[in-house]
file coords.csv (CSV, C-alpha atoms and all ligand atoms)
chain,number,residue,atom,x,y,z
E,19,MET,CA,65.2,120.2,93.3
E,20,THR,CA,64.4,117.6,95.9
E,21,VAL,CA,66.6,117.3,98.9
E,22,HIS,CA,67.3,113.9,100.3
E,23,GLU,CA,68.8,114.0,103.8
E,24,GLY,CA,71.1,111.5,105.3
E,25,GLY,CA,74.3,111.0,107.2
E,26,CYS,CA,76.3,108.7,109.4
E,27,HIS,CA,74.7,106.8,112.4
E,28,CYS,CA,75.8,109.0,115.3
E,29,GLY,CA,75.0,112.3,113.6
E,30,ASN,CA,78.6,113.6,113.3
E,31,VAL,CA,78.3,113.8,109.5
E,32,ARG,CA,75.1,115.0,107.8
E,33,LEU,CA,74.4,114.9,104.1
E,34,SER,CA,72.0,116.7,101.8
E,35,TYR,CA,71.7,115.4,98.3
E,36,GLU,CA,69.9,117.7,95.9
E,37,THR,CA,68.6,116.2,92.6
E,38,ASN,CA,65.8,116.3,90.1
E,39,ILE,CA,66.1,112.5,89.5
E,40,PRO,CA,63.4,110.6,91.4
E,41,PRO,CA,64.8,107.9,93.7
E,42,ALA,CA,63.2,105.0,91.9
E,43,GLU,CA,64.9,106.2,88.6
E,44,THR,CA,68.3,106.9,90.2
E,45,GLU,CA,71.1,104.8,88.8
E,46,LEU,CA,72.8,102.8,91.6
E,47,ARG,CA,76.4,101.7,91.2
E,48,ALA,CA,77.8,98.8,93.2
E,49,CYS,CA,81.5,99.3,92.8
E,50,GLN,CA,83.3,96.0,93.0
E,51,CYS,CA,86.5,97.2,94.5
E,52,SER,CA,87.4,95.5,97.8
E,53,PHE,CA,86.6,98.6,99.9
E,54,CYS,CA,83.1,99.1,98.5
E,55,ARG,CA,82.4,95.3,98.7
E,56,LYS,CA,83.4,95.3,102.4
E,57,HIS,CA,80.8,98.1,103.0
E,58,ASN,CA,78.3,96.6,100.5
E,59,SER,CA,77.9,100.2,99.4
E,60,LEU,CA,75.6,101.5,96.7
E,61,ALA,CA,76.7,104.8,95.2
E,62,ALA,CA,74.8,107.5,93.3
E,63,ALA,CA,75.5,110.9,91.9
E,64,ASP,CA,73.6,113.4,89.8
E,65,PRO,CA,76.1,115.6,87.8
E,66,SER,CA,73.4,118.3,87.6
E,67,GLY,CA,72.6,118.0,91.3
E,68,ARG,CA,74.6,118.8,94.4
E,69,LEU,CA,75.8,117.2,97.6
E,70,SER,CA,76.4,119.2,100.8
E,71,ILE,CA,78.4,117.6,103.7
E,72,ARG,CA,78.2,119.0,107.2
E,73,VAL,CA,80.6,117.8,109.8
E,74,LYS,CA,80.4,118.5,113.5
E,75,ASN,CA,83.8,117.2,114.7
E,76,GLU,CA,86.3,117.0,111.9
E,77,ASP,CA,88.7,114.9,114.1
E,78,LEU,CA,86.1,112.2,114.0
E,79,LEU,CA,86.0,112.1,110.2
E,80,SER,CA,88.3,109.6,108.4
E,81,ARG,CA,89.2,110.6,104.9
E,82,TYR,CA,90.4,107.2,103.8
E,83,GLY,CA,92.6,106.9,100.7
E,84,PHE,CA,93.8,103.8,98.8
E,85,GLY,CA,94.8,102.7,95.3
E,86,LEU,CA,95.6,105.7,93.2
E,87,ARG,CA,94.5,108.1,96.0
E,88,THR,CA,92.5,110.3,93.7
E,89,ALA,CA,89.5,110.3,96.1
E,90,GLU,CA,88.8,110.4,99.8
E,91,TYR,CA,86.4,107.9,101.2
E,92,LEU,CA,84.6,109.6,104.1
E,93,VAL,CA,84.0,107.3,107.1
E,94,CYS,CA,82.8,108.5,110.5
E,95,ARG,CA,85.4,107.4,113.1
E,96,ASP,CA,82.8,107.4,115.8
E,97,CYS,CA,80.1,105.1,114.3
E,98,GLY,CA,81.9,103.6,111.4
E,99,VAL,CA,79.5,104.5,108.6
E,100,TYR,CA,80.8,105.2,105.1
E,101,VAL,CA,78.8,108.1,103.8
E,102,ALA,CA,80.4,109.6,100.6
E,103,ALA,CA,83.5,109.9,98.5
E,104,VAL,CA,85.0,113.2,97.3
E,105,THR,CA,87.7,113.7,94.7
E,106,SER,CA,91.0,114.8,96.2
E,107,ASN,CA,93.1,115.6,93.2
E,108,THR,CA,91.2,118.4,91.4
E,109,GLU,CA,90.4,121.9,92.2
E,110,GLU,CA,86.7,121.5,91.6
E,111,LYS,CA,85.6,118.9,94.0
E,112,ARG,CA,83.1,116.2,92.9
E,113,ALA,CA,81.4,113.6,95.0
E,114,ILE,CA,79.2,110.5,95.1
E,115,ILE,CA,76.8,109.7,97.9
E,116,VAL,CA,76.5,106.3,99.5
E,117,VAL,CA,72.8,105.7,99.2
E,118,ASN,CA,72.9,103.3,102.2
E,119,ALA,CA,73.5,106.5,104.3
E,120,LEU,CA,70.3,108.3,103.1
E,121,ASP,CA,67.2,108.4,105.3
E,122,GLU,CA,65.0,107.4,102.3
E,123,ARG,CA,67.4,104.6,101.1
E,124,ALA,CA,64.4,102.2,100.7
E,125,GLN,CA,63.0,104.4,97.9
E,126,PHE,CA,66.2,103.9,95.8
E,127,THR,CA,65.0,100.6,94.2
E,128,ARG,CA,66.8,100.2,90.9
E,129,GLU,CA,68.8,97.1,90.3
E,130,PRO,CA,72.4,98.2,91.0
E,131,LEU,CA,75.0,98.1,88.2
E,132,LEU,CA,78.1,96.1,89.1
E,133,THR,CA,81.0,98.4,88.2
E,134,VAL,CA,84.7,97.4,87.9
E,135,TYR,CA,87.2,100.3,87.3
E,136,ASP,CA,90.4,98.3,87.8
E,137,ALA,CA,91.6,98.9,84.2
E,138,GLU,CA,91.3,102.7,84.3
E,139,THR,CA,94.4,104.9,84.1
E,140,ARG,CA,94.7,107.7,86.6
E,141,ASP,CA,93.6,110.2,83.9
E,142,GLU,CA,90.6,108.1,82.9
E,143,ARG,CA,89.5,107.9,86.5
E,144,ILE,CA,89.7,111.6,87.0
E,145,ALA,CA,87.8,112.3,83.8
E,146,ARG,CA,85.1,109.8,84.6
E,147,ARG,CA,84.5,111.3,88.0
E,148,HIS,CA,84.4,114.8,86.6
E,149,ALA,CA,81.7,113.7,84.2
E,150,ARG,CA,79.6,111.5,86.5
E,151,TRP,CA,80.1,112.7,90.0
E,152,MET,CA,78.4,115.8,91.3
E,153,PRO,CA,79.5,119.2,92.8
E,154,VAL,CA,80.0,119.2,96.5
E,155,LYS,CA,80.0,121.8,99.3
E,156,TRP,CA,81.6,121.2,102.7
E,157,SER,CA,80.8,122.9,105.9
E,158,ILE,CA,82.4,122.3,109.3
E,159,GLU,CA,80.0,123.2,112.1
E,160,HIS,CA,81.6,124.4,115.3
E,201,ZN,ZN,79.0,108.8,113.0

call {"tool": "encode", "arguments": {"input": "coords.csv", "output": "structure tokens", "more": "lines below"}}
Ligand SMILES: [Zn+2]
result
Amino acid sequence: MTVHEGGCHCGNVRLSYETNIPPAETELRACQCSFCRKHNSLAAADPSGRLSIRVKNEDLLSRYGFGLRTAEYLVCRDCGVYVAAVTSNTEEKRAIIVVNALDERAQFTREPLLTVYDAETRDERIARRHARWMPVKWSIEH
């Protein structure tokens, strides 16, 4: 697998996205909810891949929740960068990466799909994320 590195701006949160999908073929999703539009975020996930999240100072990581509160939106409190979202309601955690936060973001060139999930029920949302988001591993570095 190829590992794409990334993270927030100040270095508090580091990401490694492992995938076999080449960047130029990676599906990019531009979620149209008000949070994602405010960040102009492009999200990606490879269900056969993996995301690892390494945090230096957990106190400086915001795990923002809104709407149905079935996921945590990870934003660095120090530099303000939105880096990833992780499911909060299931035992097996799944995540998407915000492509904007990857070092090689310029290689992710597909036209984004504009996605609207407003009509989903809570169960539909959980099932969709389980199918499309990817496994995630956390580590807190002290
Ligand atoms: Zn930061």

call {"tool": "residues_near_ligand", "arguments": {"input": "coords.csv", "ligand": "ligand ZN 201 (chain E)", "cutoff": "8 Å", "atoms": "all atoms listed in the file", "output": "list of chain:residue names"}}
result
E:Gly25, E:Cys26, E:His27, E:Cys28, E:Gly29, E:Asn30, E:Val31, E:Leu78, E:Val93, E:Cys94, E:Arg95, E:Asp96, E:Cys97, E:Gly98, E:Val99

call {"tool": "write_last_selection", "arguments": {"input": "coords.csv", "atoms": "C-alpha atoms", "output": "mmCIF file, in the coordinates of the input"}}
result
data_model
loop_
_atom_site.group_PDB
_atom_site.id
_atom_site.type_symbol
_atom_site.label_atom_id
_atom_site.label_comp_id
_atom_site.auth_asym_id
_atom_site.auth_seq_id
_atom_site.Cartn_x
_atom_site.Cartn_y
_atom_site.Cartn_z
ATOM 1 C CA GLY E 25 74.300 111.000 107.200
ATOM 2 C CA CYS E 26 76.300 108.700 109.400
ATOM 3 C CA HIS E 27 74.700 106.800 112.400
ATOM 4 C CA CYS E 28 75.800 109.000 115.300
ATOM 5 C CA GLY E 29 75.000 112.300 113.600
ATOM 6 C CA ASN E 30 78.600 113.600 113.300
ATOM 7 C CA VAL E 31 78.300 113.800 109.500
ATOM 8 C CA LEU E 78 86.100 112.200 114.000
ATOM 9 C CA VAL E 93 84.000 107.300 107.100
ATOM 10 C CA CYS E 94 82.800 108.500 110.500
ATOM 11 C CA ARG E 95 85.400 107.400 113.100
ATOM 12 C CA ASP E 96 82.800 107.400 115.800
ATOM 13 C CA CYS E 97 80.100 105.100 114.300
ATOM 14 C CA GLY E 98 81.900 103.600 111.400
ATOM 15 C CA VAL E 99 79.500 104.500 108.600
#

call {"tool": "atom_distance", "arguments": {"input": "coords.csv", "atom1": "atom CA of Ser34 of chain E", "atom2": "atom CA of Ala48 of chain E"}}
result
20.7 Å

call {"tool": "atom_distance", "arguments": {"input": "coords.csv", "atom1": "atom CA of Glu90 of chain E", "atom2": "atom CA of Val104 of chain E"}}
result
5.3 Å

call {"tool": "closest_residue", "arguments": {"input": "coords.csv", "among": "E:Met19, E:Val154, E:Ala137, E:Leu46", "to": "Ser59 of chain E", "atoms": "all atoms listed in the file"}}
result
E:Leu46

call {"tool": "residues_around", "arguments": {"input": "coords.csv", "residues": "Glu129 of chain E", "least_positions_apart": "2", "cutoff": "10 Å", "atoms": "all atoms listed in the file", "output": "list in words"}}
result
Ala42, Thr44, Glu45, Leu46, Arg47, Ala48, Phe126, Thr127, Leu131 and Leu132 of chain E

call {"tool": "closest_residue", "arguments": {"input": "coords.csv", "among": "E:Ala62, E:Ile144, E:Ile114, E:Leu120", "to": "Val21 of chain E", "atoms": "all atoms listed in the file"}}
result
E:Leu120

call {"tool": "residues_around", "arguments": {"input": "coords.csv", "residues": "Arg72 of chain E", "least_positions_apart": "4", "cutoff": "8 Å", "atoms": "all atoms listed in the file", "output": "VMD selection string"}}
result
chain E and resid 31 to 33 156 to 159

call {"tool": "atom_distance", "arguments": {"input": "coords.csv", "atom1": "atom CA of Glu36 of chain E", "atom2": "atom CA of Asp136 of chain E"}}
result
29.4 Å

call {"tool": "residues_around", "arguments": {"input": "coords.csv", "residues": "Leu86 of chain E", "least_positions_apart": "6", "cutoff": "10 Å", "atoms": "all atoms listed in the file", "output": "ChimeraX atom specification"}}
result
/E:139-140,143

call {"tool": "write_last_selection", "arguments": {"input": "coords.csv", "atoms": "C-alpha atoms", "output": "PDB file, keeping the file's coordinate frame"}}
result
ATOM      1  CA  THR E 139      94.400 104.900  84.100  1.00  0.00           C
ATOM      2  CA  ARG E 140      94.700 107.700  86.600  1.00  0.00           C
ATOM      3  CA  ARG E 143      89.500 107.900  86.500  1.00  0.00           C
TER       4      ARG E 143
END

call {"tool": "closest_residue", "arguments": {"input": "coords.csv", "among": "E:Ile39, E:Cys54, E:Cys49, E:Ala149", "to": "Arg112 of chain E", "atoms": "all atoms listed in the file"}}
result
E:Ala149

call {"tool": "closest_residue", "arguments": {"input": "coords.csv", "among": "E:Ala124, E:Ala63, E:Ile71, E:Ala89", "to": "Val101 of chain E", "atoms": "all atoms listed in the file"}}
result
E:Ile71

call {"tool": "closest_residue", "arguments": {"input": "coords.csv", "among": "E:Pro130, E:Pro153, E:Pro41, E:Gly85", "to": "Pro65 of chain E", "atoms": "all atoms listed in the file"}}
result
E:Pro153

call {"tool": "residues_around", "arguments": {"input": "coords.csv", "residues": "His57 of chain E", "least_positions_apart": "3", "cutoff": "10 Å", "atoms": "all atoms listed in the file", "output": "PyMOL selection string"}}
result
chain E and resi 52-54+60+99-100+116+118

call {"tool": "closest_residue", "arguments": {"input": "coords.csv", "among": "E:Arg147, E:Arg81, E:Lys74, E:Arg123", "to": "Tyr35 of chain E", "atoms": "only C-alpha atoms"}}
result
E:Arg123

call {"tool": "axis_aligned_box", "arguments": {"input": "coords.csv", "around": "segment 115-130 of chain E", "padding_each_side": "4 Å", "output": "lines of an AutoDock Vina configuration file"}}
result
center_x = 69.9
center_y = 103.4
center_z = 97.8
size_x = 21.8
size_y = 20.6
size_z = 23.0
